[in-house]
file protein.cif (mmCIF, C-alpha atoms)
data_run
loop_
_atom_site.label_atom_id
_atom_site.label_comp_id
_atom_site.auth_asym_id
_atom_site.auth_seq_id
_atom_site.Cartn_x
_atom_site.Cartn_y
_atom_site.Cartn_z
CA MET A 1 -26.15 48.05 2.02
CA MET A 2 -25.03 49.24 5.45
CA SER A 3 -27.83 50.65 7.57
CA SER A 4 -27.92 53.08 10.47
CA HIS A 5 -29.72 52.82 13.76
CA SER A 6 -30.56 55.35 16.45
CA THR A 7 -30.60 54.84 20.19
CA MET A 8 -33.05 57.19 21.92
CA LEU A 9 -31.45 58.71 25.01
CA ASP A 10 -34.09 61.23 26.06
CA ARG A 11 -36.29 63.79 24.39
CA ASN A 12 -33.37 65.99 23.40
CA ASP A 13 -30.47 63.61 22.75
CA ILE A 14 -30.10 60.87 20.15
CA LEU A 15 -26.92 58.92 19.44
CA THR A 16 -27.01 58.03 15.75
CA CYS A 17 -24.64 55.26 14.66
CA THR A 18 -23.92 54.77 10.96
CA PRO A 19 -21.84 51.70 10.06
CA VAL A 20 -18.72 52.50 8.04
CA HIS A 21 -17.68 48.91 7.24
CA PRO A 22 -19.65 45.74 6.43
CA HIS A 23 -18.39 43.85 9.50
CA PHE A 24 -17.80 46.41 12.28
CA ALA A 25 -17.04 50.10 13.04
CA ALA A 26 -19.48 53.01 13.01
CA ARG A 27 -19.66 56.79 12.99
CA ALA A 28 -21.60 58.17 15.96
CA GLU A 29 -23.21 61.59 16.24
CA GLY A 30 -25.58 63.36 18.60
CA ILE A 31 -23.64 63.70 21.86
CA ASP A 32 -21.17 66.38 22.93
CA LEU A 33 -18.47 64.33 24.64
CA ARG A 34 -16.90 67.43 26.19
CA ARG A 35 -19.75 67.65 28.70
CA PRO A 36 -20.45 65.16 31.50
CA LEU A 37 -22.66 62.41 30.14
CA THR A 38 -25.95 61.23 31.59
CA GLU A 39 -26.28 57.57 32.54
CA GLU A 40 -28.39 57.06 29.42
CA GLN A 41 -25.71 58.63 27.23
CA LYS A 42 -22.98 56.50 28.79
CA ALA A 43 -25.09 53.39 28.21
CA ALA A 44 -25.54 54.39 24.56
CA VAL A 45 -21.78 54.81 24.08
CA ARG A 46 -21.15 51.42 25.71
CA GLY A 47 -23.77 49.80 23.56
CA ALA A 48 -22.25 51.22 20.38
CA MET A 49 -18.79 50.08 21.43
CA ASP A 50 -19.95 46.57 22.28
CA ARG A 51 -21.63 46.24 18.91
CA TYR A 52 -19.11 47.92 16.61
CA GLY A 53 -15.72 47.64 18.38
CA VAL A 54 -14.54 50.90 16.76
CA VAL A 55 -16.62 54.08 16.96
CA VAL A 56 -15.77 57.42 15.32
CA PHE A 57 -17.06 60.57 17.02
CA PRO A 58 -16.46 63.54 14.66
CA ASN A 59 -16.18 67.18 15.71
CA GLN A 60 -15.19 66.54 19.32
CA MET A 61 -12.30 68.98 19.73
CA MET A 62 -11.25 68.44 23.35
CA SER A 63 -8.57 69.79 25.62
CA ASP A 64 -6.34 67.26 27.34
CA ASP A 65 -8.30 67.66 30.57
CA GLU A 66 -11.63 67.23 28.77
CA GLN A 67 -10.40 64.10 27.02
CA ALA A 68 -9.23 62.58 30.30
CA ALA A 69 -12.47 63.54 32.07
CA PHE A 70 -14.53 61.91 29.32
CA ALA A 71 -12.48 58.71 29.54
CA GLU A 72 -12.78 58.47 33.31
CA GLN A 73 -16.54 58.10 32.98
CA PHE A 74 -15.90 54.63 31.53
CA GLY A 75 -13.06 53.25 33.64
CA THR A 76 -9.60 53.70 35.09
CA ILE A 77 -6.97 55.44 32.98
CA GLU A 78 -3.73 53.52 32.64
CA GLU A 79 -0.69 54.68 34.52
CA THR A 80 2.12 56.35 32.58
CA PRO A 81 2.80 54.23 29.48
CA THR A 82 5.98 52.23 29.05
CA LEU A 83 7.77 54.35 26.46
CA VAL A 84 11.28 55.44 25.74
CA ASP A 85 12.55 58.85 26.83
CA GLN A 86 9.74 59.67 29.25
CA GLU A 87 11.91 62.49 30.58
CA ARG A 88 11.39 64.26 27.26
CA ARG A 89 7.59 64.26 27.43
CA ARG A 90 5.83 67.03 25.51
CA ILE A 91 2.46 66.84 27.27
CA ALA A 92 2.17 67.76 30.95
CA ASN A 93 -0.97 65.72 31.66
CA MET A 94 0.36 62.25 32.50
CA LYS A 95 -2.98 60.66 31.56
CA ILE A 96 -2.42 61.57 27.91
CA ASN A 97 -0.36 59.43 25.52
CA ASP A 98 1.47 61.60 23.00
CA ILE A 99 1.04 59.94 19.60
CA SER A 100 2.92 62.55 17.59
CA ASN A 101 6.20 63.34 15.88
CA LEU A 102 6.82 66.48 17.93
CA GLY A 103 9.23 67.36 20.69
CA PRO A 104 8.56 69.62 23.70
CA ASP A 105 9.66 72.60 21.60
CA GLY A 106 6.97 71.84 19.00
CA ARG A 107 9.53 70.92 16.37
CA ILE A 108 9.34 67.75 14.27
CA TRP A 109 11.74 65.05 15.45
CA GLY A 110 14.96 64.55 13.54
CA ALA A 111 15.13 61.61 11.16
CA ASP A 112 17.42 59.66 13.51
CA ASP A 113 15.67 60.60 16.77
CA ARG A 114 15.37 57.59 19.10
CA ARG A 115 11.72 58.38 19.76
CA ARG A 116 10.99 58.31 16.02
CA MET A 117 12.71 54.95 15.62
CA TYR A 118 10.69 53.57 18.53
CA ASN A 119 7.37 54.94 17.27
CA LEU A 120 7.78 53.26 13.89
CA GLY A 121 6.57 50.18 15.74
CA ASN A 122 3.08 51.71 15.56
CA LEU A 123 3.04 50.73 11.88
CA LEU A 124 2.65 47.09 12.99
CA TRP A 125 -0.74 45.57 13.78
CA HIS A 126 -1.13 45.62 17.54
CA SER A 127 -3.43 45.86 20.54
CA ASP A 128 -2.59 48.66 22.97
CA SER A 129 -0.86 47.62 26.20
CA SER A 130 -1.16 43.90 25.55
CA PHE A 131 2.36 43.85 27.05
CA LYS A 132 1.00 44.87 30.47
CA PRO A 133 -0.16 42.25 33.02
CA THR A 134 -3.59 43.90 32.97
CA PRO A 135 -3.91 45.05 29.36
CA ALA A 136 -6.00 47.81 27.84
CA TYR A 137 -9.77 48.13 27.66
CA TRP A 138 -10.69 51.10 25.44
CA SER A 139 -8.36 53.53 23.69
CA MET A 140 -9.55 57.03 22.77
CA LEU A 141 -7.47 58.82 20.14
CA GLN A 142 -8.09 62.41 19.09
CA ALA A 143 -6.71 64.24 16.07
CA ARG A 144 -5.36 67.73 16.83
CA VAL A 145 -3.09 68.24 13.78
CA ILE A 146 -3.01 65.94 10.76
CA PRO A 147 -0.75 65.75 7.70
CA PRO A 148 -2.19 66.65 4.27
CA VAL A 149 -1.49 63.16 2.92
CA GLY A 150 -1.30 59.76 4.62
CA GLY A 151 -1.44 58.97 8.32
CA ALA A 152 -4.66 56.94 8.29
CA THR A 153 -5.25 54.39 11.04
CA GLU A 154 -6.38 50.90 10.05
CA TYR A 155 -8.54 48.68 12.26
CA ILE A 156 -9.79 45.10 12.29
CA ASP A 157 -12.25 43.35 14.62
CA THR A 158 -10.77 40.09 15.89
CA ARG A 159 -14.26 38.74 16.65
CA VAL A 160 -14.86 38.89 12.91
CA ALA A 161 -11.56 37.11 12.32
CA TRP A 162 -12.52 34.38 14.80
CA ASP A 163 -15.94 33.94 13.18
CA HIS A 164 -14.30 33.34 9.78
CA LEU A 165 -11.34 31.28 11.02
CA PRO A 166 -11.23 27.65 9.80
CA ASP A 167 -12.26 25.16 12.48
CA GLU A 168 -8.84 23.48 12.54
CA LEU A 169 -7.15 26.78 13.41
CA LYS A 170 -9.78 27.53 16.04
CA ALA A 171 -9.01 24.20 17.70
CA ILE A 172 -5.27 24.91 17.69
CA ALA A 173 -5.54 28.48 19.02
CA LYS A 174 -8.35 28.11 21.56
CA ASP A 175 -6.35 27.27 24.71
CA LEU A 176 -2.93 28.76 23.92
CA ILE A 177 -1.15 31.32 26.10
CA ALA A 178 1.03 33.88 24.31
CA ARG A 179 3.73 36.09 25.78
CA HIS A 180 3.72 39.81 24.99
CA SER A 181 6.43 42.46 25.32
CA LEU A 182 7.34 45.78 23.74
CA ILE A 183 10.76 44.26 23.07
CA TYR A 184 9.15 41.71 20.73
CA SER A 185 7.35 44.29 18.59
CA ARG A 186 10.27 46.68 18.38
CA GLU A 187 12.75 43.98 17.41
CA GLN A 188 10.59 43.31 14.35
CA MET A 189 11.41 46.87 13.28
CA GLY A 190 15.11 46.49 14.05
CA PHE A 191 14.87 48.71 17.14
CA ASP A 192 16.90 47.40 20.07
CA ALA A 193 18.13 50.63 21.69
CA PHE A 194 16.50 49.99 25.06
CA SER A 195 18.15 51.01 28.31
CA PRO A 196 18.55 48.34 31.03
CA GLU A 197 15.72 50.00 32.97
CA GLU A 198 13.42 49.90 29.92
CA VAL A 199 14.27 46.24 29.30
CA GLU A 200 13.32 45.46 32.90
CA ARG A 201 9.97 47.22 32.43
CA CYS A 202 9.36 45.14 29.30
CA THR A 203 9.40 41.70 30.93
CA PRO A 204 7.09 39.45 28.82
CA VAL A 205 3.62 38.84 30.23
CA PRO A 206 1.20 35.96 29.50
CA GLN A 207 -2.12 36.58 27.76
CA ARG A 208 -4.78 34.28 26.34
CA LEU A 209 -4.63 33.92 22.55
CA VAL A 210 -8.42 33.58 22.43
CA ARG A 211 -10.64 35.49 24.80
CA LEU A 212 -14.32 36.03 25.41
CA HIS A 213 -15.71 39.49 24.70
CA ARG A 214 -18.16 39.40 27.56
CA GLU A 215 -20.60 42.10 26.48
CA SER A 216 -21.23 40.69 23.00
CA GLY A 217 -20.81 37.05 24.01
CA ARG A 218 -18.40 36.52 21.10
CA LEU A 219 -14.94 35.00 21.04
CA ALA A 220 -12.02 37.07 19.75
CA LEU A 221 -8.45 36.37 18.77
CA TYR A 222 -6.14 38.37 21.02
CA LEU A 223 -3.39 39.19 18.56
CA SER A 224 -0.69 41.85 18.66
CA ALA A 225 2.76 42.58 17.25
CA HIS A 226 3.82 42.47 20.91
CA ILE A 227 3.53 38.65 20.86
CA GLY A 228 6.92 36.95 20.77
CA ALA A 229 6.30 33.48 22.16
CA ILE A 230 3.64 30.85 22.94
CA GLU A 231 3.94 28.89 26.16
CA GLY A 232 5.07 25.31 25.51
CA TRP A 233 5.90 25.91 21.83
CA PRO A 234 9.29 26.30 20.12
CA ARG A 235 9.57 29.98 19.28
CA PRO A 236 9.86 29.58 15.46
CA GLU A 237 6.74 27.41 15.40
CA ALA A 238 4.93 29.85 17.67
CA MET A 239 5.78 32.83 15.50
CA ALA A 240 4.73 30.98 12.35
CA LEU A 241 1.28 30.46 13.88
CA ILE A 242 1.00 34.06 15.06
CA ARG A 243 1.95 35.27 11.58
CA GLU A 244 -0.64 32.97 9.97
CA LEU A 245 -3.38 34.16 12.32
CA THR A 246 -2.41 37.81 11.87
CA GLU A 247 -2.38 37.55 8.09
CA PHE A 248 -5.81 35.92 8.19
CA ALA A 249 -7.26 38.51 10.58
CA THR A 250 -5.92 41.49 8.62
CA GLN A 251 -6.96 40.47 5.10
CA ARG A 252 -8.19 43.55 3.24
CA PRO A 253 -11.96 42.78 3.32
CA PHE A 254 -11.76 42.84 7.13
CA VAL A 255 -9.94 46.21 7.37
CA TYR A 256 -11.48 49.62 8.06
CA ALA A 257 -9.11 52.49 7.25
CA HIS A 258 -9.98 55.69 9.09
CA GLN A 259 -9.04 58.90 7.28
CA TRP A 260 -8.64 61.45 10.03
CA ALA A 261 -10.18 64.89 10.27
CA VAL A 262 -9.18 67.39 12.95
CA GLY A 263 -11.48 66.93 15.95
CA ASP A 264 -12.18 63.24 15.34
CA LEU A 265 -12.21 61.12 18.48
CA VAL A 266 -11.97 57.42 17.65
CA ILE A 267 -12.60 54.88 20.40
CA TRP A 268 -11.70 51.22 20.01
CA ASP A 269 -11.98 48.18 22.23
CA ASN A 270 -8.53 46.62 22.57
CA ARG A 271 -10.04 43.37 23.79
CA CYS A 272 -11.41 42.60 20.34
CA THR A 273 -9.64 44.83 17.82
CA MET A 274 -6.20 45.49 16.39
CA HIS A 275 -4.97 48.62 14.69
CA ARG A 276 -1.94 50.15 13.04
CA GLY A 277 -0.82 53.53 11.84
CA THR A 278 -0.04 54.04 8.16
CA ARG A 279 2.81 55.92 6.58
CA TYR A 280 2.98 59.68 6.12
CA ASP A 281 5.92 62.03 5.63
CA ASP A 282 6.76 62.37 9.32
CA LYS A 283 10.00 64.20 8.57
CA LYS A 284 8.08 67.02 6.85
CA TYR A 285 4.57 67.28 8.30
CA PRO A 286 3.50 67.58 11.96
CA ARG A 287 0.95 65.10 13.27
CA ASP A 288 -0.46 65.68 16.74
CA MET A 289 -2.63 62.84 18.05
CA ARG A 290 -3.47 62.33 21.73
CA ARG A 291 -4.67 59.10 23.27
CA VAL A 292 -6.20 58.14 26.59
CA THR A 293 -6.22 54.42 27.37
CA LEU A 294 -8.37 52.66 29.97
CA GLU A 295 -7.11 49.54 31.69
CA ASP A 296 -9.08 46.30 31.62
CA SER A 297 -10.67 44.74 34.69
CA ALA A 298 -8.09 41.96 35.18
CA PRO A 299 -5.32 39.98 33.44
CA THR A 300 -6.72 37.86 30.61
CA LEU A 301 -5.82 34.64 32.42
CA GLU A 302 -8.16 35.65 35.24
CA GLN A 303 -11.08 36.29 32.88
CA PRO A 304 -13.54 33.54 31.95
CA ILE A 305 -13.77 32.13 28.46
#

call {"tool": "encode", "arguments": {"input": "protein.cif", "output": "structure tokens"}}
result
Amino acid sequence: MMSSHSTMLDRNDILTCTPVHPHFAARAEGIDLRRPLTEEQKAAVRGAMDRYGVVVFPNQMMSDDEQAAFAEQFGTIEETPTLVDQERRRIANMKINDISNLGPDGRIWGADDRRRMYNLGNLLWHSDSSFKPTPAYWSMLQARVIPPVGGATEYIDTRVAWDHLPDELKAIAKDLIARHSLIYSREQMGFDAFSPEEVERCTPVPQRLVRLHRESGRLALYLSAHIGAIEGWPRPEAMALIRELTEFATQRPFVYAHQWAVGDLVIWDNRCTMHRGTRYDDKKYPRDMRRVTLEDSAPTLEQPI
């Protein structure tokens, strides 16, 4: 039986967290995230995130500016993401990542649109911005328009995966350095239509394969579809290990599948989780999701373990 707990903020505000999975993830209610938070409220959000890794805040219908303002209370928003066709952005606020199937005219992308082909990479298990020298801290995704069927987002907590990993695999993985790039994840989907400028922006970066989640004191696998090599290993052997670890981490008992409702804001900690989108009829139904991503404090190689 999964239990709930409440964190008292003051006489008038209570953040109530109800677990939604046996191992991690919770639904949180009691705070209006559209208003500036008190220090006690911010501490409660941080505490919930450190414990659960993924936290669902329902009924938080925000504007782009409100979403960005909420995020900035917890860190620095990443610079413009490395994506294809930035000149065809739909959203004016550069702090917002457009996770949709819509063009600037509001129409659904054509079946062969380059942006659609690129975004199919979101169906792979990944950690946001692991391909950046300083990767992501938290991501905050809000549902504005959702399809009638499909389009869930699945999550796993890589601290849970590490806890269950056989000792022999822990010993192998512990000190390895992986290389991450958007090129690596997209080539798995057969997408190679990058411009020379985009290829240059996608130079592989090194990240620890195992990292310490400082706030919880737990170790976590740092896995992502963006991994395409391990330093000092032949690439086929490296990818065989990454596949084995990913298959272990994403076994169905470890997965929480979030079924979206309009107004949901889901926050996840990229340092210790992976996620992926699931299929929906993106050629028929609009799906408008907007994400703000905070950057971590330093490259993983500069963080203690």

call {"tool": "residues_around", "arguments": {"input": "protein.cif", "residues": "range 163-167 of chain A", "least_positions_apart": "2", "cutoff": "12 Å", "atoms": "only C-alpha atoms", "output": "list of chain:residue names"}}
result
A:His23, A:Asp157, A:Thr158, A:Arg159, A:Val160, A:Ala161, A:Leu169, A:Lys170, A:Ala171, A:Ile172, A:Ala173, A:Lys174, A:Val210, A:Arg218, A:Leu219, A:Ala220, A:Leu221, A:Glu244, A:Leu245, A:Thr246, A:Glu247, A:Phe248, A:Ala249, A:Thr250, A:Gln251, A:Pro253, A:Phe254

call {"tool": "closest_residue", "arguments": {"input": "protein.cif", "among": "A:His226, A:Arg144, A:His126, A:Arg211", "to": "Asp98 in chain A", "atoms": "only C-alpha atoms"}}
result
A:Arg144

call {"tool": "resolve_selection", "arguments": {"input": "protein.cif", "expression": "the PyMOL selection byres ((chain A and resi 262) around 6)", "output": "PDB file with C-alpha atoms, keeping the file's coordinate frame"}}
result
ATOM      1  CA  ALA A 143      -6.710  64.240  16.070  1.00  0.00           C
ATOM      2  CA  ARG A 144      -5.360  67.730  16.830  1.00  0.00           C
ATOM      3  CA  ALA A 261     -10.180  64.890  10.270  1.00  0.00           C
ATOM      4  CA  GLY A 263     -11.480  66.930  15.950  1.00  0.00           C
ATOM      5  CA  ASP A 264     -12.180  63.240  15.340  1.00  0.00           C
TER       6      ASP A 264
END

call {"tool": "closest_residue", "arguments": {"input": "protein.cif", "among": "A:Asp192, A:Asp65, A:Asp113, A:Leu223", "to": "Asn93 in chain A", "atoms": "all atoms listed in the file"}}
result
A:Asp65

call {"tool": "residues_around", "arguments": {"input": "protein.cif", "residues": "range 300-305 of chain A", "least_positions_apart": "4", "cutoff": "8 Å", "atoms": "all atoms listed in the file", "output": "list in words"}}
result
Thr134, Pro135, Pro206, Gln207, Arg208, Arg211 and Leu212 of chain A

call {"tool": "residues_around", "arguments": {"input": "protein.cif", "residues": "Met62 in chain A", "least_positions_apart": "3", "cutoff": "12 Å", "atoms": "only C-alpha atoms", "output": "PyMOL selection string"}}
result
chain A and resi 32-35+57-59+65-71+140-144+262-265+289-292

call {"tool": "write_last_selection", "arguments": {"input": "protein.cif", "atoms": "C-alpha atoms", "output": "PDB file, in the coordinates of the input"}}
result
ATOM      1  CA  ASP A  32     -21.170  66.380  22.930  1.00  0.00           C
ATOM      2  CA  LEU A  33     -18.470  64.330  24.640  1.00  0.00           C
ATOM      3  CA  ARG A  34     -16.900  67.430  26.190  1.00  0.00           C
ATOM      4  CA  ARG A  35     -19.750  67.650  28.700  1.00  0.00           C
ATOM      5  CA  PHE A  57     -17.060  60.570  17.020  1.00  0.00           C
ATOM      6  CA  PRO A  58     -16.460  63.540  14.660  1.00  0.00           C
ATOM      7  CA  ASN A  59     -16.180  67.180  15.710  1.00  0.00           C
ATOM      8  CA  ASP A  65      -8.300  67.660  30.570  1.00  0.00           C
ATOM      9  CA  GLU A  66     -11.630  67.230  28.770  1.00  0.00           C
ATOM     10  CA  GLN A  67     -10.400  64.100  27.020  1.00  0.00           C
ATOM     11  CA  ALA A  68      -9.230  62.580  30.300  1.00  0.00           C
ATOM     12  CA  ALA A  69     -12.470  63.540  32.070  1.00  0.00           C
ATOM     13  CA  PHE A  70     -14.530  61.910  29.320  1.00  0.00           C
ATOM     14  CA  ALA A  71     -12.480  58.710  29.540  1.00  0.00           C
ATOM     15  CA  MET A 140      -9.550  57.030  22.770  1.00  0.00           C
ATOM     16  CA  LEU A 141      -7.470  58.820  20.140  1.00  0.00           C
ATOM     17  CA  GLN A 142      -8.090  62.410  19.090  1.00  0.00           C
ATOM     18  CA  ALA A 143      -6.710  64.240  16.070  1.00  0.00           C
ATOM     19  CA  ARG A 144      -5.360  67.730  16.830  1.00  0.00           C
ATOM     20  CA  VAL A 262      -9.180  67.390  12.950  1.00  0.00           C
ATOM     21  CA  GLY A 263     -11.480  66.930  15.950  1.00  0.00           C
ATOM     22  CA  ASP A 264     -12.180  63.240  15.340  1.00  0.00           C
ATOM     23  CA  LEU A 265     -12.210  61.120  18.480  1.00  0.00           C
ATOM     24  CA  MET A 289      -2.630  62.840  18.050  1.00  0.00           C
ATOM     25  CA  ARG A 290      -3.470  62.330  21.730  1.00  0.00           C
ATOM     26  CA  ARG A 291      -4.670  59.100  23.270  1.00  0.00           C
ATOM     27  CA  VAL A 292      -6.200  58.140  26.590  1.00  0.00           C
TER      28      VAL A 292
END

call {"tool": "atom_distance", "arguments": {"input": "protein.cif", "atom1": "CA of Ile230 in chain A", "atom2": "CA of Asp269 in chain A"}}
result
23.3 Å

call {"tool": "closest_residue", "arguments": {"input": "protein.cif", "among": "A:Ala193, A:Cys202, A:Val145, A:Cys272", "to": "Gly217 in chain A", "atoms": "only C-alpha atoms"}}
result
A:Cys272

call {"tool": "atom_distance", "arguments": {"input": "protein.cif", "atom1": "CA of Ala136 in chain A", "atom2": "CA of Ser297 in chain A"}}
result
8.8 Å

call {"tool": "residues_near_point", "arguments": {"input": "protein.cif", "point": "(6.0, 35.0, 15.2)", "cutoff": "12 Å", "atoms": "only C-alpha atoms", "output": "ChimeraX atom specification"}}
result
/A:178-180,184-185,187-188,223-230,233-247

call {"tool": "write_last_selection", "arguments": {"input": "protein.cif", "atoms": "C-alpha atoms", "output": "PDB file, keeping the file's coordinate frame"}}
result
ATOM      1  CA  ALA A 178       1.030  33.880  24.310  1.00  0.00           C
ATOM      2  CA  ARG A 179       3.730  36.090  25.780  1.00  0.00           C
ATOM      3  CA  HIS A 180       3.720  39.810  24.990  1.00  0.00           C
ATOM      4  CA  TYR A 184       9.150  41.710  20.730  1.00  0.00           C
ATOM      5  CA  SER A 185       7.350  44.290  18.590  1.00  0.00           C
ATOM      6  CA  GLU A 187      12.750  43.980  17.410  1.00  0.00           C
ATOM      7  CA  GLN A 188      10.590  43.310  14.350  1.00  0.00           C
ATOM      8  CA  LEU A 223      -3.390  39.190  18.560  1.00  0.00           C
ATOM      9  CA  SER A 224      -0.690  41.850  18.660  1.00  0.00           C
ATOM     10  CA  ALA A 225       2.760  42.580  17.250  1.00  0.00           C
ATOM     11  CA  HIS A 226       3.820  42.470  20.910  1.00  0.00           C
ATOM     12  CA  ILE A 227       3.530  38.650  20.860  1.00  0.00           C
ATOM     13  CA  GLY A 228       6.920  36.950  20.770  1.00  0.00           C
ATOM     14  CA  ALA A 229       6.300  33.480  22.160  1.00  0.00           C
ATOM     15  CA  ILE A 230       3.640  30.850  22.940  1.00  0.00           C
ATOM     16  CA  TRP A 233       5.900  25.910  21.830  1.00  0.00           C
ATOM     17  CA  PRO A 234       9.290  26.300  20.120  1.00  0.00           C
ATOM     18  CA  ARG A 235       9.570  29.980  19.280  1.00  0.00           C
ATOM     19  CA  PRO A 236       9.860  29.580  15.460  1.00  0.00           C
ATOM     20  CA  GLU A 237       6.740  27.410  15.400  1.00  0.00           C
ATOM     21  CA  ALA A 238       4.930  29.850  17.670  1.00  0.00           C
ATOM     22  CA  MET A 239       5.780  32.830  15.500  1.00  0.00           C
ATOM     23  CA  ALA A 240       4.730  30.980  12.350  1.00  0.00           C
ATOM     24  CA  LEU A 241       1.280  30.460  13.880  1.00  0.00           C
ATOM     25  CA  ILE A 242       1.000  34.060  15.060  1.00  0.00           C
ATOM     26  CA  ARG A 243       1.950  35.270  11.580  1.00  0.00           C
ATOM     27  CA  GLU A 244      -0.640  32.970   9.970  1.00  0.00           C
ATOM     28  CA  LEU A 245      -3.380  34.160  12.320  1.00  0.00           C
ATOM     29  CA  THR A 246      -2.410  37.810  11.870  1.00  0.00           C
ATOM     30  CA  GLU A 247      -2.380  37.550   8.090  1.00  0.00           C
TER      31      GLU A 247
END

call {"tool": "resolve_selection", "arguments": {"input": "protein.cif", "expression": "the PyMOL selection byres ((chain A and resi 284) around 10)", "output": "list in words"}}
result
Asn101, Ile108, Trp109, Gly110, Ala111, Pro147, Tyr280, Asp281, Asp282, Lys283, Tyr285, Pro286 and Arg287 of chain A

call {"tool": "atom_distance", "arguments": {"input": "protein.cif", "atom1": "CA of Trp138 in chain A", "atom2": "CA of Leu102 in chain A"}}
result
24.5 Å

call {"tool": "axis_aligned_box", "arguments": {"input": "protein.cif", "around": "range 157-176 of chain A", "padding_each_side": "5 Å", "output": "JSON"}}
result
{"center_x": -9.4, "center_y": 33.4, "center_z": 17.2, "size_x": 23.0, "size_y": 29.9, "size_z": 24.9}

call {"tool": "decode", "arguments": {"input": "protein.cif", "residues": "range 253-258 of chain A", "atoms": "all heavy atoms", "output": "compact mmCIF listing (two decimals), in the first residue's frame"}}
result
# COMPACT_ATOMS: atom_id res chain seq x y z
N PRO A 253 8.27 -3.13 -14.05
CA PRO A 253 7.95 -2.79 -12.65
C PRO A 253 8.57 -1.49 -12.17
O PRO A 253 8.14 -0.95 -11.14
CB PRO A 253 8.51 -4.00 -11.87
CG PRO A 253 8.52 -5.11 -12.85
CD PRO A 253 8.86 -4.47 -14.17
N PHE A 254 9.57 -0.98 -12.88
CA PHE A 254 10.23 0.27 -12.48
C PHE A 254 9.61 1.50 -13.15
O PHE A 254 10.03 2.62 -12.86
CB PHE A 254 11.71 0.22 -12.85
CG PHE A 254 12.54 -0.78 -12.08
CD1 PHE A 254 13.81 -1.10 -12.51
CD2 PHE A 254 12.06 -1.39 -10.93
CE1 PHE A 254 14.59 -2.02 -11.81
CE2 PHE A 254 12.82 -2.32 -10.22
CZ PHE A 254 14.09 -2.63 -10.66
N VAL A 255 8.65 1.32 -14.06
CA VAL A 255 8.16 2.41 -14.91
C VAL A 255 6.88 3.02 -14.35
O VAL A 255 5.93 2.31 -14.00
CB VAL A 255 7.91 1.91 -16.35
CG1 VAL A 255 7.27 3.02 -17.20
CG2 VAL A 255 9.21 1.44 -16.99
N TYR A 256 6.85 4.35 -14.28
CA TYR A 256 5.62 5.09 -14.03
C TYR A 256 5.18 5.75 -15.32
O TYR A 256 5.95 6.52 -15.92
CB TYR A 256 5.82 6.17 -12.95
CG TYR A 256 4.68 7.18 -12.91
CD1 TYR A 256 3.38 6.77 -12.61
CD2 TYR A 256 4.90 8.52 -13.20
CE1 TYR A 256 2.34 7.69 -12.59
CE2 TYR A 256 3.86 9.45 -13.17
CZ TYR A 256 2.58 9.02 -12.87
OH TYR A 256 1.54 9.92 -12.87
N ALA A 257 3.97 5.47 -15.77
CA ALA A 257 3.43 6.07 -16.99
C ALA A 257 2.44 7.16 -16.60
O ALA A 257 1.41 6.87 -15.99
CB ALA A 257 2.75 5.01 -17.86
N HIS A 258 2.76 8.40 -16.96
CA HIS A 258 1.87 9.51 -16.62
C HIS A 258 0.88 9.77 -17.74
O HIS A 258 1.28 10.07 -18.88
CB HIS A 258 2.66 10.79 -16.33
CG HIS A 258 1.77 11.92 -15.93
ND1 HIS A 258 1.07 11.91 -14.75
CD2 HIS A 258 1.43 13.07 -16.56
CE1 HIS A 258 0.34 13.01 -14.66
NE2 HIS A 258 0.54 13.73 -15.75
